[in-house]
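For reference, start-v6.cif (mmCIF, C-alpha atoms):
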data_target
loop_
_atom_site.label_atom_id
_atom_site.label_comp_id
_atom_site.auth_asym_id
_atom_site.auth_seq_id
_atom_site.Cartn_x
_atom_site.Cartn_y
_atom_site.Cartn_z
CA MET M 1 -7.75 14.08 37.97
CA ARG M 2 -6.29 14.45 34.46
CA ARG M 3 -7.73 17.08 32.15
CA LEU M 4 -8.20 16.37 28.46
CA LEU M 5 -8.80 18.56 25.41
CA VAL M 6 -11.09 17.22 22.67
CA VAL M 7 -11.07 18.95 19.25
CA GLU M 8 -13.83 17.74 16.92
CA ASP M 9 -15.94 19.78 14.47
CA ASP M 10 -18.77 17.23 14.34
CA ASN M 11 -21.12 18.13 17.17
CA GLY M 12 -22.44 14.59 17.61
CA VAL M 13 -19.02 12.95 17.67
CA ARG M 14 -17.68 15.63 20.03
CA ALA M 15 -20.58 15.14 22.44
CA THR M 16 -20.21 11.36 22.35
CA ILE M 17 -16.48 11.44 23.11
CA THR M 18 -16.96 14.04 25.86
CA THR M 19 -19.71 12.05 27.57
CA LEU M 20 -17.73 8.83 27.25
CA LEU M 21 -14.62 10.33 28.88
CA GLU M 22 -16.56 12.09 31.63
CA LEU M 23 -18.23 8.80 32.54
CA GLU M 24 -14.72 7.41 32.93
CA GLY M 25 -13.90 10.19 35.38
CA TYR M 26 -11.92 12.56 33.13
CA GLU M 27 -12.34 16.33 33.09
CA VAL M 28 -12.92 17.33 29.47
CA ASP M 29 -12.58 20.62 27.63
CA ALA M 30 -14.24 20.21 24.22
CA VAL M 31 -14.07 22.63 21.27
CA GLY M 32 -15.29 22.46 17.67
CA ALA M 33 -12.80 24.69 15.85
CA SER M 34 -9.03 24.77 15.48
CA GLY M 35 -8.82 28.43 16.56
CA ASP M 36 -10.54 27.67 19.86
CA ALA M 37 -8.22 24.71 20.38
CA LEU M 38 -5.11 26.82 19.78
CA ASP M 39 -6.42 29.44 22.21
CA ARG M 40 -6.86 26.76 24.87
CA LEU M 41 -3.36 25.42 24.25
CA ARG M 42 -1.89 28.92 24.59
CA GLU M 43 -3.66 29.35 27.91
CA ALA M 44 -2.76 25.95 29.39
CA SER M 45 -1.07 22.67 28.61
CA TYR M 46 -2.94 19.37 28.54
CA PRO M 47 -1.44 15.95 29.27
CA ILE M 48 -3.74 14.36 26.64
CA VAL M 49 -5.26 15.93 23.51
CA ILE M 50 -7.72 14.15 21.20
CA SER M 51 -8.23 15.81 17.81
CA ASP M 52 -9.77 15.13 14.45
CA ILE M 53 -7.34 15.52 11.51
CA TYR M 54 -9.57 17.46 9.11
CA LEU M 55 -11.11 20.46 10.88
CA ASP M 56 -11.27 23.82 9.08
CA GLU M 57 -8.49 26.04 7.74
CA ARG M 58 -6.15 24.13 10.02
CA THR M 59 -5.73 20.41 10.65
CA GLY M 60 -5.07 18.08 13.52
CA LEU M 61 -1.39 18.26 12.62
CA ASP M 62 -1.45 21.95 13.64
CA ILE M 63 -3.11 20.96 16.91
CA LEU M 64 -0.44 18.29 17.39
CA LYS M 65 2.34 20.86 16.89
CA ALA M 66 0.77 23.33 19.31
CA ALA M 67 0.14 20.68 21.96
CA LYS M 68 3.72 19.46 21.76
CA GLN M 69 4.99 23.03 21.91
CA ALA M 70 2.96 23.67 25.05
CA ASP M 71 4.07 20.38 26.63
CA PRO M 72 6.52 18.06 24.82
CA ARG M 73 5.23 15.18 26.95
CA CYS M 74 1.63 15.67 25.83
CA ALA M 75 0.06 12.49 24.37
CA VAL M 76 -1.86 13.47 21.23
CA ILE M 77 -4.43 11.09 19.72
CA LEU M 78 -5.55 11.90 16.18
CA MET M 79 -8.79 10.68 14.58
CA THR M 80 -9.90 10.69 10.94
CA ALA M 81 -12.22 9.04 8.46
CA ARG M 82 -9.84 9.96 5.63
CA GLY M 83 -6.49 8.58 6.62
CA SER M 84 -3.56 8.58 4.20
CA MET M 85 0.04 7.46 4.21
CA GLU M 86 1.27 11.06 4.17
CA THR M 87 -0.77 12.22 7.17
CA VAL M 88 0.21 9.17 9.23
CA MET M 89 3.89 9.65 8.41
CA LYS M 90 3.75 13.36 9.28
CA ALA M 91 1.88 12.65 12.48
CA THR M 92 4.36 9.95 13.44
CA GLU M 93 7.35 12.22 12.82
CA ALA M 94 5.69 14.94 14.90
CA GLY M 95 5.29 12.58 17.84
CA VAL M 96 1.64 11.51 17.75
CA PHE M 97 0.73 8.97 20.42
CA ASP M 98 -1.81 7.08 18.31
CA TYR M 99 -3.93 7.43 15.22
CA ILE M 100 -7.50 6.12 15.21
CA ALA M 101 -9.64 5.52 12.11
CA LYS M 102 -13.31 6.52 12.21
CA PRO M 103 -15.72 5.02 12.92
CA PHE M 104 -14.19 3.44 16.00
CA GLU M 105 -15.46 1.32 18.86
CA LEU M 106 -15.97 3.36 22.02
CA ASP M 107 -13.93 0.82 23.98
CA ARG M 108 -11.04 1.48 21.59
CA MET M 109 -11.07 5.18 22.48
CA ILE M 110 -11.09 4.50 26.22
CA GLU M 111 -8.32 1.92 25.89
CA THR M 112 -6.19 4.38 23.87
CA VAL M 113 -6.69 7.20 26.36
CA LYS M 114 -5.74 4.96 29.26
CA ARG M 115 -2.62 3.81 27.43
CA ALA M 116 -1.72 7.44 26.79
CA GLU M 117 -2.23 8.29 30.46
CA ALA M 118 -0.03 5.40 31.53
CA SER M 119 2.72 6.32 29.10
CA ILE M 120 3.03 10.01 29.96
CA SER M 121 5.59 9.44 32.71
CA ASP M 122 7.79 7.56 30.26
CA SER M 123 7.28 9.75 27.20
CA GLY M 124 10.22 11.62 25.74
CA ALA M 125 10.58 15.38 26.09
CA ASP M 126 12.26 16.19 22.79
CA ALA M 127 10.91 19.32 21.14
CA GLU M 128 9.24 18.66 17.82
CA GLY M 129 10.83 20.10 14.70
CA GLU M 130 9.39 21.29 11.43
CA ASP M 131 7.66 18.74 9.23
CA GLU M 132 9.57 17.84 6.10
CA GLU M 133 7.92 17.28 2.77
CA LEU M 134 7.33 13.58 2.25
CA PRO M 135 7.22 11.89 -1.14
CA GLU M 136 3.74 11.39 -2.51
CA SER M 137 2.47 7.84 -2.75
CA GLU M 138 -0.32 5.84 -4.31
CA MET M 139 -1.19 4.31 -0.96
CA ILE M 140 -4.92 4.92 -0.93
CA GLY M 141 -7.18 3.88 1.91
CA SER M 142 -8.50 5.09 5.25
CA SER M 143 -9.94 1.84 6.61
CA ALA M 144 -8.85 0.77 10.08
CA VAL M 145 -6.71 -2.06 8.71
CA MET M 146 -4.88 0.32 6.36
CA VAL M 147 -4.28 2.85 9.12
CA GLU M 148 -2.60 0.05 11.08
CA ILE M 149 -0.47 -0.70 8.01
CA TYR M 150 0.56 2.98 7.78
CA LYS M 151 1.46 3.02 11.45
CA THR M 152 3.64 -0.06 11.09
CA ILE M 153 5.36 1.37 8.01
CA SER M 154 6.08 4.63 9.83
CA ARG M 155 7.83 2.68 12.60
CA VAL M 156 9.83 0.19 10.54
CA ALA M 157 10.74 2.28 7.48
CA PRO M 158 13.52 4.29 9.18
CA THR M 159 15.18 1.08 10.40
CA ASP M 160 17.13 -1.51 8.41
CA ALA M 161 14.97 -4.39 9.65
CA THR M 162 14.33 -7.25 7.24
CA ILE M 163 10.62 -7.29 6.42
CA LEU M 164 8.27 -10.03 5.20
CA LEU M 165 5.06 -8.92 3.46
CA GLU M 166 2.28 -11.50 3.31
CA GLY M 167 -0.87 -11.09 1.29
CA GLU M 168 -2.94 -12.23 -1.64
CA THR M 169 -2.01 -11.42 -5.23
CA GLY M 170 -2.98 -7.87 -6.13
CA THR M 171 -3.04 -6.41 -2.62
CA GLY M 172 -0.15 -4.02 -3.27
CA LYS M 173 2.82 -5.69 -1.61
CA GLU M 174 5.37 -4.13 -3.96
CA LEU M 175 3.76 -0.72 -3.49
CA ILE M 176 4.21 -1.09 0.27
CA ALA M 177 7.80 -2.21 -0.20
CA ARG M 178 8.49 0.88 -2.30
CA MET M 179 6.86 3.07 0.35
CA ILE M 180 9.09 1.57 3.03
CA HIS M 181 12.13 2.26 0.85
CA ARG M 182 11.09 5.86 0.09
CA ASN M 183 10.73 6.60 3.79
CA SER M 184 14.02 4.99 4.80
CA GLY M 185 17.57 6.26 5.01
CA ARG M 186 18.22 4.45 1.71
CA ALA M 187 15.65 6.47 -0.25
CA ASP M 188 18.23 8.10 -2.54
CA GLN M 189 19.65 4.70 -3.53
CA ALA M 190 18.26 1.94 -5.76
CA PHE M 191 15.11 -0.06 -5.16
CA VAL M 192 15.42 -3.31 -7.12
CA PRO M 193 12.45 -5.72 -7.37
CA VAL M 194 12.97 -9.39 -8.24
CA ASP M 195 10.13 -11.78 -9.10
CA CYS M 196 11.60 -14.99 -7.72
CA GLY M 197 8.72 -17.04 -9.09
CA ALA M 198 9.42 -15.93 -12.66
CA ILE M 199 13.11 -16.94 -12.69
CA ALA M 200 14.17 -20.51 -13.33
CA PRO M 201 15.84 -22.09 -10.26
CA THR M 202 19.03 -22.66 -12.26
CA LEU M 203 19.27 -18.94 -13.06
CA LEU M 204 18.26 -17.45 -9.72
CA GLU M 205 21.76 -17.68 -8.22
CA SER M 206 23.38 -15.75 -11.06
CA GLU M 207 20.47 -13.30 -11.09
CA LEU M 208 20.96 -12.43 -7.42
CA PHE M 209 24.69 -12.98 -6.89
CA GLY M 210 26.05 -12.28 -10.38
CA ALA M 211 28.35 -14.40 -12.53
CA LEU M 212 31.79 -14.20 -14.10
CA LYS M 213 32.44 -14.56 -17.79
CA GLY M 214 32.67 -18.22 -18.80
CA SER M 215 31.14 -19.50 -15.55
CA TYR M 216 28.34 -21.19 -17.46
CA THR M 217 27.23 -21.70 -21.04
CA GLY M 218 26.27 -18.38 -22.53
CA ALA M 219 28.09 -16.26 -19.94
CA ASP M 220 29.98 -14.11 -22.44
CA ARG M 221 30.69 -11.31 -19.97
CA ASP M 222 30.83 -10.59 -16.24
CA ARG M 223 27.36 -9.96 -14.89
CA ILE M 224 26.57 -7.93 -11.79
CA GLY M 225 23.87 -9.52 -9.65
CA VAL M 226 20.81 -7.80 -8.28
CA LEU M 227 22.16 -7.68 -4.72
CA GLU M 228 25.33 -5.89 -5.80
CA ALA M 229 23.40 -3.56 -8.12
CA ALA M 230 21.28 -2.53 -5.14
CA HIS M 231 24.30 -1.80 -2.90
CA ARG M 232 23.25 0.69 -0.18
CA GLY M 233 19.65 0.42 -1.39
CA THR M 234 16.78 -2.04 -1.06
CA VAL M 235 16.09 -5.40 -2.73
CA PHE M 236 12.50 -6.59 -2.96
CA LEU M 237 12.29 -10.39 -3.29
CA ASP M 238 8.74 -11.01 -4.50
CA GLU M 239 7.20 -14.52 -4.31
CA ILE M 240 9.93 -15.69 -1.95
CA GLY M 241 7.88 -18.83 -1.27
CA ASP M 242 8.66 -20.03 -4.81
CA VAL M 243 12.44 -20.13 -4.25
CA ASP M 244 13.87 -23.60 -4.86
CA LEU M 245 14.70 -25.47 -1.65
CA GLY M 246 18.25 -26.08 -2.87
CA PHE M 247 18.94 -22.34 -3.26
CA GLN M 248 17.41 -21.37 0.07
CA LEU M 249 20.59 -22.26 1.98
CA LYS M 250 22.66 -19.86 -0.15
CA LEU M 251 20.11 -17.13 0.41
CA LEU M 252 20.22 -17.83 4.16
CA ARG M 253 24.01 -17.50 4.19
CA PHE M 254 23.77 -14.17 2.43
CA LEU M 255 21.29 -12.87 5.00
CA GLN M 256 23.58 -14.02 7.80
CA GLU M 257 26.89 -12.80 6.38
CA ARG M 258 25.83 -10.04 3.93
CA GLN M 259 28.40 -11.37 1.47
CA ILE M 260 27.93 -12.54 -2.10
CA ARG M 261 30.04 -14.84 -4.26
CA PRO M 262 29.24 -14.51 -7.97
CA VAL M 263 28.94 -17.76 -9.90
CA GLY M 264 32.47 -18.74 -10.97
CA ALA M 265 34.20 -16.47 -8.44
CA SER M 266 36.67 -17.76 -5.87
CA ARG M 267 36.16 -14.99 -3.30
CA SER M 268 33.18 -13.34 -1.65
CA ARG M 269 32.58 -9.65 -1.26
CA GLY M 270 30.30 -7.69 1.02
CA VAL M 271 27.20 -5.77 -0.02
CA ASP M 272 25.00 -3.46 2.01
CA VAL M 273 21.35 -3.94 1.12
CA ARG M 274 18.06 -3.99 2.94
CA VAL M 275 15.93 -7.01 2.11
CA ILE M 276 12.14 -6.88 1.87
CA SER M 277 10.47 -10.09 0.76
CA ALA M 278 6.89 -10.93 -0.09
CA THR M 279 4.73 -13.97 -0.66
CA ASN M 280 1.14 -14.89 -1.41
CA ARG M 281 1.75 -18.40 -0.07
CA PRO M 282 1.51 -19.56 3.58
CA LEU M 283 5.21 -19.79 4.47
CA GLN M 284 4.51 -21.33 7.86
CA LYS M 285 2.69 -24.22 6.18
CA LEU M 286 5.54 -24.60 3.67
CA VAL M 287 7.92 -24.83 6.61
CA ASP M 288 5.73 -27.46 8.26
CA ASP M 289 5.61 -29.41 4.99
CA GLY M 290 9.40 -29.30 4.63
CA LYS M 291 9.26 -27.12 1.49
CA PHE M 292 10.78 -24.01 3.06
CA ARG M 293 13.69 -23.80 5.48
CA GLN M 294 12.65 -22.80 8.98
CA ASP M 295 15.92 -20.95 9.63
CA LEU M 296 15.45 -18.91 6.45
CA TRP M 297 11.89 -18.14 7.47
CA PHE M 298 13.15 -16.83 10.83
CA ARG M 299 15.68 -14.60 9.03
CA LEU M 300 13.09 -13.15 6.66
CA ASN M 301 10.45 -12.79 9.36
CA VAL M 302 12.10 -10.13 11.54
CA VAL M 303 9.11 -7.88 10.92
CA ARG M 304 6.03 -9.48 9.37
CA LEU M 305 3.35 -7.30 7.83
CA ARG M 306 0.10 -8.85 6.64
CA VAL M 307 -1.37 -6.89 3.75
CA PRO M 308 -5.17 -7.11 3.94
CA PRO M 309 -7.30 -8.16 0.97
CA LEU M 310 -9.55 -5.49 -0.51
CA ARG M 311 -12.68 -7.23 0.81
CA ASP M 312 -11.49 -6.52 4.37
CA ARG M 313 -10.72 -2.85 3.70
CA HIS M 314 -14.18 -1.45 4.44
CA GLY M 315 -14.72 1.90 2.73
CA ASP M 316 -11.55 1.80 0.64
CA VAL M 317 -13.22 0.66 -2.60
CA ARG M 318 -14.85 4.08 -2.85
CA LEU M 319 -11.57 5.95 -2.31
CA LEU M 320 -9.64 3.72 -4.70
CA THR M 321 -12.31 3.96 -7.39
CA HIS M 322 -12.26 7.75 -7.32
CA PHE M 323 -8.45 7.73 -7.42
CA PHE M 324 -8.29 5.41 -10.43
CA LEU M 325 -11.12 7.30 -12.14
CA ARG M 326 -9.16 10.56 -11.99
CA LYS M 327 -6.02 8.77 -13.14
CA TYR M 328 -7.59 7.19 -16.23
CA ASN M 329 -9.77 10.16 -17.08
CA ASP M 330 -6.54 12.15 -17.30
CA ARG M 331 -4.69 9.43 -19.21
CA TYR M 332 -7.38 8.91 -21.83
CA SER M 333 -8.69 12.52 -21.91
CA GLN M 334 -12.12 11.39 -20.73
CA GLN M 335 -14.71 12.94 -18.41
CA VAL M 336 -16.42 9.80 -17.16
CA LYS M 337 -18.64 10.40 -14.13
CA LEU M 338 -19.08 7.97 -11.24
CA ILE M 339 -22.70 7.68 -10.14
CA GLU M 340 -23.53 6.72 -6.55
CA SER M 341 -25.35 3.57 -7.68
CA GLY M 342 -22.21 2.55 -9.55
CA ILE M 343 -19.95 2.90 -6.57
CA ARG M 344 -22.41 0.92 -4.43
CA ALA M 345 -22.32 -1.91 -6.96
CA LEU M 346 -18.51 -1.93 -6.88
CA GLU M 347 -18.50 -1.90 -3.08
CA GLN M 348 -20.73 -4.99 -2.96
CA TYR M 349 -18.28 -7.07 -5.02
CA ARG M 350 -15.68 -9.14 -3.15
CA TRP M 351 -12.75 -8.43 -5.51
CA PRO M 352 -10.86 -11.74 -5.54
CA GLY M 353 -8.13 -10.00 -7.55
CA ASN M 354 -7.91 -7.19 -4.97
CA VAL M 355 -6.73 -3.65 -5.80
CA ARG M 356 -5.12 -4.66 -9.08
CA GLN M 357 -8.41 -6.11 -10.29
CA LEU M 358 -10.30 -2.96 -9.29
CA GLN M 359 -7.73 -0.82 -11.10
CA HIS M 360 -8.14 -2.74 -14.37
CA MET M 361 -11.92 -2.60 -13.96
CA VAL M 362 -11.97 1.20 -13.60
CA GLU M 363 -9.60 1.60 -16.55
CA ARG M 364 -11.92 -0.51 -18.69
CA LEU M 365 -14.98 1.44 -17.54
CA VAL M 366 -13.37 4.79 -18.31
CA ILE M 367 -12.91 3.68 -21.91
CA LEU M 368 -16.12 1.72 -22.40
CA ALA M 369 -18.72 3.15 -19.98
CA PRO M 370 -21.95 4.00 -21.85
CA TYR M 371 -22.69 7.75 -22.07
CA GLY M 372 -19.63 8.51 -19.95
CA ARG M 373 -21.36 7.31 -16.77
CA ILE M 374 -20.44 4.54 -14.37
CA ASP M 375 -23.81 3.67 -12.88
CA ASP M 376 -25.22 0.49 -11.38
CA ALA M 377 -25.83 -1.12 -14.78
CA ALA M 378 -22.38 -0.28 -16.16
CA ALA M 379 -20.62 -1.53 -13.02
CA ARG M 380 -22.59 -4.78 -12.85
CA ASP M 381 -22.11 -5.44 -16.56
CA ALA M 382 -18.37 -4.96 -16.15
CA ILE M 383 -18.27 -7.28 -13.13
CA ASP M 384 -20.30 -9.95 -14.93
CA SER M 385 -18.07 -9.79 -17.98
CA MET M 386 -14.93 -9.91 -15.86
CA GLU M 387 -16.16 -13.05 -14.10
CA SER M 388 -16.69 -14.84 -17.39
CA ARG M 389 -14.10 -13.95 -19.99
CA GLU M 390 -15.30 -16.55 -22.43
CA GLN M 391 -18.81 -15.15 -22.24
CA VAL M 392 -17.44 -11.68 -22.89
CA SER M 393 -15.57 -12.78 -25.99
CA GLU M 394 -18.67 -14.47 -27.39
CA SER M 395 -21.28 -11.86 -26.48
CA LEU M 396 -19.77 -8.62 -27.79
CA ALA M 397 -21.45 -9.33 -31.14
CA ASP M 398 -21.96 -6.25 -33.29
CA THR M 399 -20.55 -3.80 -30.72
CA GLU M 400 -17.27 -5.59 -30.04
CA ALA M 401 -15.46 -4.25 -33.11
CA GLU M 402 -16.17 -0.68 -32.07
CA GLN M 403 -15.12 -1.41 -28.49
CA ILE M 404 -11.88 -3.00 -29.64
CA ARG M 405 -11.09 -0.01 -31.86
CA ARG M 406 -11.75 2.40 -28.99
CA VAL M 407 -9.53 0.46 -26.58
CA LEU M 408 -6.71 0.13 -29.11
CA LEU M 409 -6.91 3.85 -29.80
CA ALA M 410 -6.78 4.64 -26.09
CA THR M 411 -3.80 2.31 -25.54
CA LYS M 412 -2.01 3.60 -28.64
CA GLY M 413 -2.20 0.18 -30.26
CA ASN M 414 -0.72 -1.80 -27.36
CA LYS M 415 -2.47 -5.14 -27.83
CA SER M 416 -1.36 -6.70 -24.55
CA HIS M 417 -2.72 -3.74 -22.61
CA ALA M 418 -5.89 -3.66 -24.72
CA ALA M 419 -6.55 -7.36 -24.13
CA LYS M 420 -6.33 -6.83 -20.34
CA ILE M 421 -8.80 -3.96 -20.48
CA LEU M 422 -11.20 -5.95 -22.67
CA GLY M 423 -10.95 -8.93 -20.33
CA ILE M 424 -9.81 -11.37 -23.01
CA GLU M 425 -6.62 -13.27 -23.81
CA ARG M 426 -4.18 -11.61 -26.20
CA LYS M 427 -4.49 -14.49 -28.69
CA THR M 428 -8.27 -14.01 -28.62
CA LEU M 429 -7.77 -10.34 -29.46
CA TYR M 430 -5.52 -11.30 -32.39
CA ARG M 431 -8.20 -13.62 -33.78
CA LYS M 432 -10.83 -10.90 -33.52
CA LEU M 433 -8.56 -8.39 -35.24
CA GLU M 434 -8.02 -10.86 -38.07
CA ARG M 435 -11.77 -11.25 -38.49
CA MET M 436 -12.15 -7.46 -38.42
CA GLY M 437 -9.54 -7.17 -41.16
CA VAL M 438 -7.27 -4.98 -39.05
CA VAL M 439 -3.74 -4.88 -40.45
CA ASP M 440 -1.13 -5.92 -37.92
CA GLY M 441 1.53 -3.49 -36.92
CA ALA M 442 0.48 -2.03 -33.61
CA SER M 443 2.64 -2.68 -30.57
CA THR M 444 2.21 -5.80 -28.47
#
Show how you would write the structure in this file as structure tokens.
Amino acid sequence: MRRLLVVEDDNGVRATITTLLELEGYEVDAVGASGDALDRLREASYPIVISDIYLDERTGLDILKAAKQADPRCAVILMTARGSMETVMKATEAGVFDYIAKPFELDRMIETVKRAEASISDSGADAEGEDEELPESEMIGSSAVMVEIYKTISRVAPTDATILLEGETGTGKELIARMIHRNSGRADQAFVPVDCGAIAPTLLESELFGALKGSYTGADRDRIGVLEAAHRGTVFLDEIGDVDLGFQLKLLRFLQERQIRPVGASRSRGVDVRVISATNRPLQKLVDDGKFRQDLWFRLNVVRLRVPPLRDRHGDVRLLTHFFLRKYNDRYSQQVKLIESGIRALEQYRWPGNVRQLQHMVERLVILAPYGRIDDAAARDAIDSMESREQVSESLADTEAEQIRRVLLATKGNKSHAAKILGIERKTLYRKLERMGVVDGAST
């Protein structure tokens, strides 16, 4: 009979897990403090250890280290309701078996323990080394779907695998691509993003592969392409689904041969880059419709990672809102408070624009929230105005001039940024400024 150690400071959760495992026939030692857990691990080794991440003066990472030191083959399962990219990466490097987000289904715990038990005979026996400092990130979220994203990133980042990120606009695909790059062996080299949808099809070849002087009208000098500029680094091809069908074959050849031929050049030369691509369009359907090459899709789709929309990231709206609130309070020297009723109102919204939309919303609220409070009324007013920009521009009435002045002051006169925060088009902002008699001259 295998003996397990459970480390959980919540009495109810600890009792539930213990009872669950004992009903499955396991012998369980359960403790509520990290010191007791370390004492147990000094006295004996356990084949399986289940621990919460956030305990007391120590964390589950300390338990993981001690368990691995006692028995390098020990399968450690970590649990948390506050997962982050950094903790998952550190846990992965230290040899964690799995990482479970709270709350979890009881069947999930049993299934994970049984997988751990089955894997012990095949687990490696390498001693675990010291954790290295990892770069900080803006990857915020502890929902189960985000924990799975972190786990995938931790596995694929150290490799050179070509990765395809799929997800709606505003879900953070570029942020994930940057995180993969920062945790790869190419981290000290360039990360170069390219918005394929924003470049005319006739210019995309020269943008990626480069061009020689005189190769086309206006080419007054040799131009290094993005792929060569990112040599030994990472290229992020955003909106890959918008690439012209005629250029897809050239992109396929590059992925196969890792060679580029600048426009106007007679010879090719090799480049060493990792390619991460992203799309908000259904590539499989584009392939079925004959609008995207199947062989290119296979090349890009070595590892596919689906980035979840914010509406499926249960609990993350709260974490993200607090993160953005601190960020914009610092930026604009504000002390806006988030009231519980306000966060509940934000959590009830479906966020069709995903994290990016939430970020702009919080920035706007920091500047415009009445009395420095984001409560239910302030949040719902902001949501209503965001859903109807025309209504916003018509209903500001006597208060809109003051709001516009406050936003322009906060953005140091950047009209494009101010228009986004106000939820209106830039040309609409210009018309309002003309009516207010504001002299032009601020940045756009």
TODO: Give as a PyMOL selection string the residues that the PyMOL selection byres ((chain M and resi 194) around 7) matches when applied to the coordinates above.
DONE: chain M and resi 192-193+195-196+236-238
Got time to write the residues from that selection, C-alpha atoms, as a PDB file, keeping the file's coordinate frame?
ATOM      1  CA  VAL M 192      15.420  -3.310  -7.120  1.00  0.00           C
ATOM      2  CA  PRO M 193      12.450  -5.720  -7.370  1.00  0.00           C
ATOM      3  CA  ASP M 195      10.130 -11.780  -9.100  1.00  0.00           C
ATOM      4  CA  CYS M 196      11.600 -14.990  -7.720  1.00  0.00           C
ATOM      5  CA  PHE M 236      12.500  -6.590  -2.960  1.00  0.00           C
ATOM      6  CA  LEU M 237      12.290 -10.390  -3.290  1.00  0.00           C
ATOM      7  CA  ASP M 238       8.740 -11.010  -4.500  1.00  0.00           C
TER       8      ASP M 238
END
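The closest residue to Arg178 in chain M, picked from M:Arg223, M:Arg3, M:Arg318, M:Arg274 and counting only C-alpha atoms, is M:Arg274.
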Task: Best match for closeness to Pro308 in chain M among M:Asp52, M:Glu57, M:Glu166, M:Asp295, counting all atoms listed in the file - done: M:Glu166
Excluding Pro282 in chain M and any residue of its chain fewer than 4 positions from it, enumerate the residues within 10 Å of it, using all atoms listed in the file, and give them as a PDB file with C-alpha atoms, keeping the file's coordinate frame.
ATOM      1  CA  GLU M 166       2.280 -11.500   3.310  1.00  0.00           C
ATOM      2  CA  GLY M 167      -0.870 -11.090   1.290  1.00  0.00           C
ATOM      3  CA  GLY M 241       7.880 -18.830  -1.270  1.00  0.00           C
ATOM      4  CA  LEU M 286       5.540 -24.600   3.670  1.00  0.00           C
ATOM      5  CA  VAL M 287       7.920 -24.830   6.610  1.00  0.00           C
TER       6      VAL M 287
END
Open item on the list: the PyMOL selection byres ((chain M and resi 333) around 12) - which residues does that actually catch in the file I just gave you? List them as a ChimeraX atom specification.
Closed with: /M:325-332,334-336,366-367,372,409-411
Open item on the list: What would the selection look like, as a ChimeraX atom specification, if the PyMOL selection byres ((chain M and resi 348) around 12) were run on the coordinates I just shared?
Closed with: /M:310-312,314-318,341-347,349-351,376,379-380,383
Store the residues picked out above, limited to C-alpha atoms, as a PDB file, in the coordinates of the input.
ATOM      1  CA  LEU M 310      -9.550  -5.490  -0.510  1.00  0.00           C
ATOM      2  CA  ARG M 311     -12.680  -7.230   0.810  1.00  0.00           C
ATOM      3  CA  ASP M 312     -11.490  -6.520   4.370  1.00  0.00           C
ATOM      4  CA  HIS M 314     -14.180  -1.450   4.440  1.00  0.00           C
ATOM      5  CA  GLY M 315     -14.720   1.900   2.730  1.00  0.00           C
ATOM      6  CA  ASP M 316     -11.550   1.800   0.640  1.00  0.00           C
ATOM      7  CA  VAL M 317     -13.220   0.660  -2.600  1.00  0.00           C
ATOM      8  CA  ARG M 318     -14.850   4.080  -2.850  1.00  0.00           C
ATOM      9  CA  SER M 341     -25.350   3.570  -7.680  1.00  0.00           C
ATOM     10  CA  GLY M 342     -22.210   2.550  -9.550  1.00  0.00           C
ATOM     11  CA  ILE M 343     -19.950   2.900  -6.570  1.00  0.00           C
ATOM     12  CA  ARG M 344     -22.410   0.920  -4.430  1.00  0.00           C
ATOM     13  CA  ALA M 345     -22.320  -1.910  -6.960  1.00  0.00           C
ATOM     14  CA  LEU M 346     -18.510  -1.930  -6.880  1.00  0.00           C
ATOM     15  CA  GLU M 347     -18.500  -1.900  -3.080  1.00  0.00           C
ATOM     16  CA  TYR M 349     -18.280  -7.070  -5.020  1.00  0.00           C
ATOM     17  CA  ARG M 350     -15.680  -9.140  -3.150  1.00  0.00           C
ATOM     18  CA  TRP M 351     -12.750  -8.430  -5.510  1.00  0.00           C
ATOM     19  CA  ASP M 376     -25.220   0.490 -11.380  1.00  0.00           C
ATOM     20  CA  ALA M 379     -20.620  -1.530 -13.020  1.00  0.00           C
ATOM     21  CA  ARG M 380     -22.590  -4.780 -12.850  1.00  0.00           C
ATOM     22  CA  ILE M 383     -18.270  -7.280 -13.130  1.00  0.00           C
TER      23      ILE M 383
END
Open item on the list: I'd like the neighbourhood of range 405-407 of chain M as a count of residues only, where a residue qualifies if any of its atoms comes within 8 Å (using all atoms listed in the file), though same-chain residues fewer than 4 positions away should be ignored.
Closed with: 7
Task: Leu38 in chain M environment, 9 Å, only C-alpha atoms, sequence neighbours closer than 3 positions dropped, as JSON, numbers by chain - done: {"M": [33, 34, 35, 41, 42, 43, 62, 63, 66, 67]}
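Among the candidate residues M:Glu117, M:Asp222, M:Asp272, M:Glu205, the one lying nearest to Gln248 in chain M is M:Glu205, with distances computed using only C-alpha atoms.
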Which neighbours of Leu227 in chain M fall inside 9 Å, counting only C-alpha atoms, when residues of the same chain fewer than 6 positions from it are skipped, and could you give them as a short mmCIF file (atom, residue, chain, number, x, y, z; two decimals) with C-alpha atoms, keeping the file's coordinate frame?
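The resulting result-v2.cif:
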data_model
loop_
_atom_site.label_atom_id
_atom_site.label_comp_id
_atom_site.auth_asym_id
_atom_site.auth_seq_id
_atom_site.Cartn_x
_atom_site.Cartn_y
_atom_site.Cartn_z
CA VAL M 192 15.42 -3.31 -7.12
CA GLU M 207 20.47 -13.30 -11.09
CA LEU M 208 20.96 -12.43 -7.42
CA PHE M 209 24.69 -12.98 -6.89
CA GLY M 210 26.05 -12.28 -10.38
CA THR M 234 16.78 -2.04 -1.06
CA VAL M 235 16.09 -5.40 -2.73
CA ILE M 260 27.93 -12.54 -2.10
CA VAL M 271 27.20 -5.77 -0.02
CA ASP M 272 25.00 -3.46 2.01
CA VAL M 273 21.35 -3.94 1.12
#
